[in-house]
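Here is the structure we will look at.
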Amino acid sequence: MKSNLQQTRKQIDKVDKEIAVLINKRAKLALEVGKIKDVSGKAIYVPSREKEVMKNVSSVKSILSQEAIEAIYTEIIGVCRDLESPVKVAFLGPWATFTHQAAIKKFGSAGFFVPCVLPQEVLAEVESGRANFGVIPVENSNEGSVNVTLDLLVDTELSICNEIGLKIEQCFLAKDPKATILRIYSHPHALAQCRSWLSKNYPDAELISVSSTAEAAKNASKESHAAAIASEAASKIYDLKILNKGIQDSKQNFTRFFVIGKIQTHPTGKDKTSLVFMVKDKVGILHHILGIFEKNKINLTKIESRPTKKKAWEYVFFVDLEGHIENTNVLKAFKELEQNCVFVKVLGSYPRN
C-alpha cells in the first residue's frame, strides 16, 4: 500500500513538472501574441478568442467537470493575458461583493481590480481610460433587472463586450455565533432573496439595507449583536463566522453581469445582442416592431420597458436577442428598427454565457 502511494506520488510529481513546462511554453507564446498585437494595435482582451480557447479545452475528455476546467483555464488565460499587457478592471465594490467574484470568474484572480462605490463610477473609470473594462450587475433571476445599470447603458458610449453568469449563494455571517442577533445588514436584493428564511429564523431582527453585501459584512464585523447576509468570500475578508450557508429562498438564484469596455467583439456563432429603442407614437407600433424580429427569424430572450425620465409616460425598450449585430438577419432587423423608432442603439454584441 505504502509502495503504491509513493509510486503514484512520483507520477504526480512528474506530471506536475510537465504541466509547469507547458504553462511556461504557453506564457512565452502569449508574449509573442502581445508583441504582434502591440504593433497592429489590436485589443489585448478578445472575448471571442477566449471563448474559442474554452471550447477547445472543453472538447478534451476529462473526469473534471466543464466548470472545473473553465476555472483552471480562466486563471491560465488571465495570467498569460497580463503578460501581454496588464488589464485593469473596475467593478462595483467593495471587495468580496458578488460583482467582485464575477470579475474574478471572467478575468482570473491575478487580475488588477479597482473597487467602485457606484455603477456610475465603474463606467467613469472605463470612459476615462483609468480602467480597461468594468463589471456591473444587470439582473437577478429572482429579483429582476438592476434598473440603474439599464439607465446608464442608454447614455454611455461604452459597449457590452461580454456577460458573466454567477450562481448566488447567500450566507448568514456574524462576529459572535453565540450572540443574540438584533440587526441584520445586507443589500436590498439579498434581503429580498432570503425573505422567507429571515421571517422564519429572525422575525424580530431589524433588517438594514446597505449598498452591498460586502458593506453589510463590514458593518457586522464591528458589532457583537449584528449579522450580515453576504458571500462566503466576505466572511474571510471581514473575519466573520458562517452560521448558515445557502439561505436564499430559491436555490436557482443567479445574477447576470455585463463586462463593459471600448472594444467591439467579433461573432462566435453563439452570441447575444443587447439594444435599446424608443418607438414612435403610433397605434400598434410595438406589435409592428416585434414583427420585425419574427420576420427576420430572431429569437428574443428578454424585453423590458423603462421610463425615459425625460417626459412623463415616455418609455424605452431594452431587448436581448440571439445573434450578433454583424449577422445578416440581425443587421437587417436593426435597419428596419431605425426606420420605425425615434431612436435605436446597439448596446453591444457579445459571446452568449
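A note on labels: chains of the C-alpha cells are A, B, ... as shown, every chain counts residues from 1, and ligands are counted from 1 in their shown order.
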(request) List every residue of region 21-118 of chain A that DSSP, applied to the backbone of this structure, assigns to alpha helix (DSSP H), and report them as JSON, numbers by chain. (result) {"A": [21, 22, 23, 24, 25, 26, 27, 28, 29, 30, 31, 32, 33, 34, 35, 36, 37, 38, 39, 40, 47, 48, 49, 50, 51, 52, 53, 54, 55, 56, 57, 58, 66, 67, 68, 69, 70, 71, 72, 73, 74, 75, 76, 77, 78, 79, 80, 81, 82, 83, 84, 98, 99, 100, 101, 102, 103, 104, 105, 106, 107]}
(message) Applying 9 Å and only C-alpha atoms, which residues near Thr301 (chain A) remain after dropping the ones on its own chain fewer than 5 positions away? List them as a PyMOL selection string.
(response) chain A and resi 272+319-322
Go ahead and save the picked residues with N, CA, C and O atoms, as a short mmCIF file (atom, residue, chain, number, x, y, z; two decimals), in the first residue's frame.
data_model
loop_
_atom_site.label_atom_id
_atom_site.label_comp_id
_atom_site.auth_asym_id
_atom_site.auth_seq_id
_atom_site.Cartn_x
_atom_site.Cartn_y
_atom_site.Cartn_z
N LYS A 272 -25.04 37.01 -28.37
CA LYS A 272 -26.23 37.73 -27.92
C LYS A 272 -26.01 39.20 -28.21
O LYS A 272 -24.88 39.70 -28.14
N VAL A 319 -33.95 45.20 -25.18
CA VAL A 319 -34.14 43.88 -25.78
C VAL A 319 -32.82 43.13 -25.81
O VAL A 319 -31.77 43.70 -26.15
N ASP A 320 -32.87 41.85 -25.45
CA ASP A 320 -31.75 40.93 -25.67
C ASP A 320 -32.20 39.94 -26.73
O ASP A 320 -33.32 39.41 -26.66
N LEU A 321 -31.36 39.70 -27.69
CA LEU A 321 -31.71 38.76 -28.76
C LEU A 321 -30.54 37.85 -29.09
O LEU A 321 -29.39 38.18 -28.82
N GLU A 322 -30.86 36.71 -29.67
CA GLU A 322 -29.82 35.76 -30.06
C GLU A 322 -29.25 36.19 -31.41
O GLU A 322 -29.99 36.46 -32.35
#
Which region 20-101 of chain A residues have any atom within 10 Å of an atom of region 114-117 of chain A, and for each, what is the nearest pair of atoms with distance in Å to one decimal, counting only C-alpha atoms, rows sorted by chain and number, as JSON lines?
{"residue": "A:Lys88", "atom": "CA", "partner": "A:Val114", "partner_atom": "CA", "distance": 7.2}
{"residue": "A:Val89", "atom": "CA", "partner": "A:Val114", "partner_atom": "CA", "distance": 6.0}
{"residue": "A:Ala90", "atom": "CA", "partner": "A:Val114", "partner_atom": "CA", "distance": 4.5}
{"residue": "A:Phe91", "atom": "CA", "partner": "A:Pro115", "partner_atom": "CA", "distance": 5.2}
{"residue": "A:Leu92", "atom": "CA", "partner": "A:Cys116", "partner_atom": "CA", "distance": 5.0}
{"residue": "A:Gly93", "atom": "CA", "partner": "A:Pro115", "partner_atom": "CA", "distance": 4.4}
{"residue": "A:Pro94", "atom": "CA", "partner": "A:Pro115", "partner_atom": "CA", "distance": 5.3}
{"residue": "A:Trp95", "atom": "CA", "partner": "A:Pro115", "partner_atom": "CA", "distance": 6.6}
{"residue": "A:Ala96", "atom": "CA", "partner": "A:Pro115", "partner_atom": "CA", "distance": 9.8}
{"residue": "A:Thr97", "atom": "CA", "partner": "A:Pro115", "partner_atom": "CA", "distance": 9.5}
{"residue": "A:Thr99", "atom": "CA", "partner": "A:Pro115", "partner_atom": "CA", "distance": 9.6}
{"residue": "A:His100", "atom": "CA", "partner": "A:Pro115", "partner_atom": "CA", "distance": 8.0}
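Picture a line from CA of Lys280 (chain A) to CA of Lys310 (chain A); it runs 15.4 Å.
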(message) I'd like the contact shell of region 65-77 of chain A - 7 Å cut-off, only C-alpha atoms, skipping same-chain residues fewer than 2 positions apart - returned as a PyMOL selection string.
(response) chain A and resi 54+58+63+79-81+106-109
Just the selected residues (N, CA and C atoms), exported as a short mmCIF file (atom, residue, chain, number, x, y, z; two decimals), in the first residue's frame, please.
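In the end it all went to again-v9.cif:
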data_model
loop_
_atom_site.label_atom_id
_atom_site.label_comp_id
_atom_site.auth_asym_id
_atom_site.auth_seq_id
_atom_site.Cartn_x
_atom_site.Cartn_y
_atom_site.Cartn_z
N MET A 54 -11.74 28.20 -24.55
CA MET A 54 -12.53 27.39 -23.62
C MET A 54 -13.22 26.23 -24.32
N SER A 58 -12.40 22.33 -23.51
CA SER A 58 -13.55 21.58 -23.01
C SER A 58 -13.89 20.38 -23.87
N ILE A 63 -12.22 13.66 -16.56
CA ILE A 63 -13.04 13.31 -15.39
C ILE A 63 -13.44 14.58 -14.64
N VAL A 79 -3.46 35.07 -16.40
CA VAL A 79 -2.04 35.32 -16.13
C VAL A 79 -1.30 35.59 -17.44
N CYS A 80 -1.60 34.80 -18.47
CA CYS A 80 -0.94 34.99 -19.77
C CYS A 80 -1.36 36.32 -20.41
N ARG A 81 -2.61 36.71 -20.23
CA ARG A 81 -3.08 37.99 -20.78
C ARG A 81 -2.33 39.14 -20.14
N LYS A 106 -14.31 35.92 -14.60
CA LYS A 106 -14.06 36.21 -16.02
C LYS A 106 -12.60 36.54 -16.29
N PHE A 107 -11.94 37.27 -15.38
CA PHE A 107 -10.58 37.76 -15.66
C PHE A 107 -9.48 37.03 -14.88
N GLY A 108 -9.87 36.17 -13.91
CA GLY A 108 -8.86 35.45 -13.13
C GLY A 108 -8.48 36.20 -11.87
N SER A 109 -8.08 35.46 -10.84
CA SER A 109 -7.82 36.07 -9.53
C SER A 109 -6.56 36.91 -9.50
#
(request) Within region 57-287 of chain A, find each residue whose DSSP state, derived from the backbone, is strand (DSSP E), and express the selection as a VMD selection string. (result) chain A and resid 88 to 92 112 to 116 133 to 140 144 to 145 159 to 167 171 to 174 183 to 186 206 to 209 226 to 230 241 to 245 254 to 261 271 to 279
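Among the candidates A:Thr273, A:Ile104, A:Thr265, A:Asn142, the one nearest to Glu50 (chain A) when counting only C-alpha atoms is A:Thr265.
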(message) Need the shell around Ile247 (chain A): protein/DNA/RNA residues with any atom at most 10 Å away, counting only C-alpha atoms. Skip same-chain ones fewer than 5 positions apart. Format as an MDAnalysis selection string?
(response) chainID A and resid 169:172 190 193:198 229
Suppose we keep N, CA and C atoms; can you now write the selection as a PDB file, in the first residue's frame?
ATOM      1  N   GLU A 169     -24.964  32.226  -3.790  1.00  0.00           N
ATOM      2  CA  GLU A 169     -25.248  31.518  -2.545  1.00  0.00           C
ATOM      3  C   GLU A 169     -25.069  32.501  -1.396  1.00  0.00           C
ATOM      4  N   GLN A 170     -26.186  32.842  -0.774  1.00  0.00           N
ATOM      5  CA  GLN A 170     -26.146  33.793   0.338  1.00  0.00           C
ATOM      6  C   GLN A 170     -25.814  33.059   1.642  1.00  0.00           C
ATOM      7  N   CYS A 171     -24.937  33.670   2.424  1.00  0.00           N
ATOM      8  CA  CYS A 171     -24.536  33.098   3.713  1.00  0.00           C
ATOM      9  C   CYS A 171     -24.921  34.046   4.849  1.00  0.00           C
ATOM     10  N   PHE A 172     -25.195  33.465   6.006  1.00  0.00           N
ATOM     11  CA  PHE A 172     -25.533  34.243   7.199  1.00  0.00           C
ATOM     12  C   PHE A 172     -24.279  34.316   8.059  1.00  0.00           C
ATOM     13  N   ALA A 190     -30.426  41.075  -1.669  1.00  0.00           N
ATOM     14  CA  ALA A 190     -30.093  39.906  -0.851  1.00  0.00           C
ATOM     15  C   ALA A 190     -31.146  39.685   0.231  1.00  0.00           C
ATOM     16  N   GLN A 193     -34.077  38.162  -1.426  1.00  0.00           N
ATOM     17  CA  GLN A 193     -33.828  36.775  -1.813  1.00  0.00           C
ATOM     18  C   GLN A 193     -33.930  35.811  -0.634  1.00  0.00           C
ATOM     19  N   CYS A 194     -33.780  36.338   0.595  1.00  0.00           N
ATOM     20  CA  CYS A 194     -33.795  35.497   1.802  1.00  0.00           C
ATOM     21  C   CYS A 194     -35.011  35.794   2.686  1.00  0.00           C
ATOM     22  N   ARG A 195     -36.036  36.356   2.094  1.00  0.00           N
ATOM     23  CA  ARG A 195     -37.196  36.844   2.854  1.00  0.00           C
ATOM     24  C   ARG A 195     -37.830  35.754   3.729  1.00  0.00           C
ATOM     25  N   SER A 196     -38.079  34.595   3.165  1.00  0.00           N
ATOM     26  CA  SER A 196     -38.750  33.514   3.922  1.00  0.00           C
ATOM     27  C   SER A 196     -37.861  32.983   5.047  1.00  0.00           C
ATOM     28  N   TRP A 197     -36.572  32.811   4.745  1.00  0.00           N
ATOM     29  CA  TRP A 197     -35.638  32.303   5.753  1.00  0.00           C
ATOM     30  C   TRP A 197     -35.527  33.277   6.923  1.00  0.00           C
ATOM     31  N   LEU A 198     -35.464  34.559   6.627  1.00  0.00           N
ATOM     32  CA  LEU A 198     -35.365  35.578   7.680  1.00  0.00           C
ATOM     33  C   LEU A 198     -36.632  35.608   8.531  1.00  0.00           C
ATOM     34  N   ILE A 229     -25.958  39.247   5.642  1.00  0.00           N
ATOM     35  CA  ILE A 229     -26.191  38.287   4.563  1.00  0.00           C
ATOM     36  C   ILE A 229     -25.217  38.675   3.459  1.00  0.00           C
TER      37      ILE A 229
END
Residues near Ser211 (chain A), cut-off 9 Å, only C-alpha atoms, skip fewer than 5 positions along chain, as an mmCIF file with N, CA, C and O atoms, in the first residue's frame:
data_model
loop_
_atom_site.group_PDB
_atom_site.id
_atom_site.type_symbol
_atom_site.label_atom_id
_atom_site.label_comp_id
_atom_site.auth_asym_id
_atom_site.auth_seq_id
_atom_site.Cartn_x
_atom_site.Cartn_y
_atom_site.Cartn_z
ATOM 1 N N VAL A 117 -17.673 52.558 -5.742
ATOM 2 C CA VAL A 117 -18.830 52.647 -4.845
ATOM 3 C C VAL A 117 -20.140 52.574 -5.620
ATOM 4 O O VAL A 117 -21.106 51.950 -5.170
ATOM 5 N N LEU A 118 -20.197 53.201 -6.795
ATOM 6 C CA LEU A 118 -21.432 53.282 -7.571
ATOM 7 C C LEU A 118 -21.214 52.757 -8.990
ATOM 8 O O LEU A 118 -20.094 52.825 -9.516
ATOM 9 N N SER A 186 -27.683 43.888 4.911
ATOM 10 C CA SER A 186 -27.426 43.339 3.580
ATOM 11 C C SER A 186 -27.936 44.289 2.499
ATOM 12 O O SER A 186 -28.591 45.295 2.791
ATOM 13 N N HIS A 187 -27.609 43.946 1.261
ATOM 14 C CA HIS A 187 -28.128 44.680 0.111
ATOM 15 C C HIS A 187 -29.623 44.371 -0.016
ATOM 16 O O HIS A 187 -30.051 43.253 0.303
ATOM 17 N N PRO A 188 -30.444 45.319 -0.491
ATOM 18 C CA PRO A 188 -31.890 45.080 -0.620
ATOM 19 C C PRO A 188 -32.234 43.820 -1.412
ATOM 20 O O PRO A 188 -33.167 43.086 -1.050
ATOM 21 N N ALA A 216 -22.282 45.131 4.120
ATOM 22 C CA ALA A 216 -23.021 44.504 5.218
ATOM 23 C C ALA A 216 -22.077 43.706 6.118
ATOM 24 O O ALA A 216 -22.148 43.786 7.349
#
(message) as a PyMOL selection string, please: the residues near Pro137 (chain A) (cut-off 12 Å, only C-alpha atoms, same-chain neighbours under 5 positions excluded).
(response) chain A and resi 91-93+97-103+118-119+122+144-150+152-153+160+163-166+189+212+254-260
(request) Can you work out which one of A:Val60, A:Ile298, A:Ile292, A:Ala174 has the shortest atom-to-atom distance to Asn244 (chain A), counting only C-alpha atoms? (result) A:Ala174
Give me, as a tab-separated table, the closest atom pair and its distance (Å, one decimal) for every residue of region 93-195 of chain A within a cut-off of 6 Å of region 338-350 of chain A, counting only C-alpha atoms, rows sorted by chain and rising number.
residue	atom	partner	partner_atom	distance
A:Ser159	CA	A:Gly348	CA	5.0
A:Ile160	CA	A:Gly348	CA	4.5
A:Cys161	CA	A:Tyr350	CA	5.0
A:Asn162	CA	A:Tyr350	CA	5.0
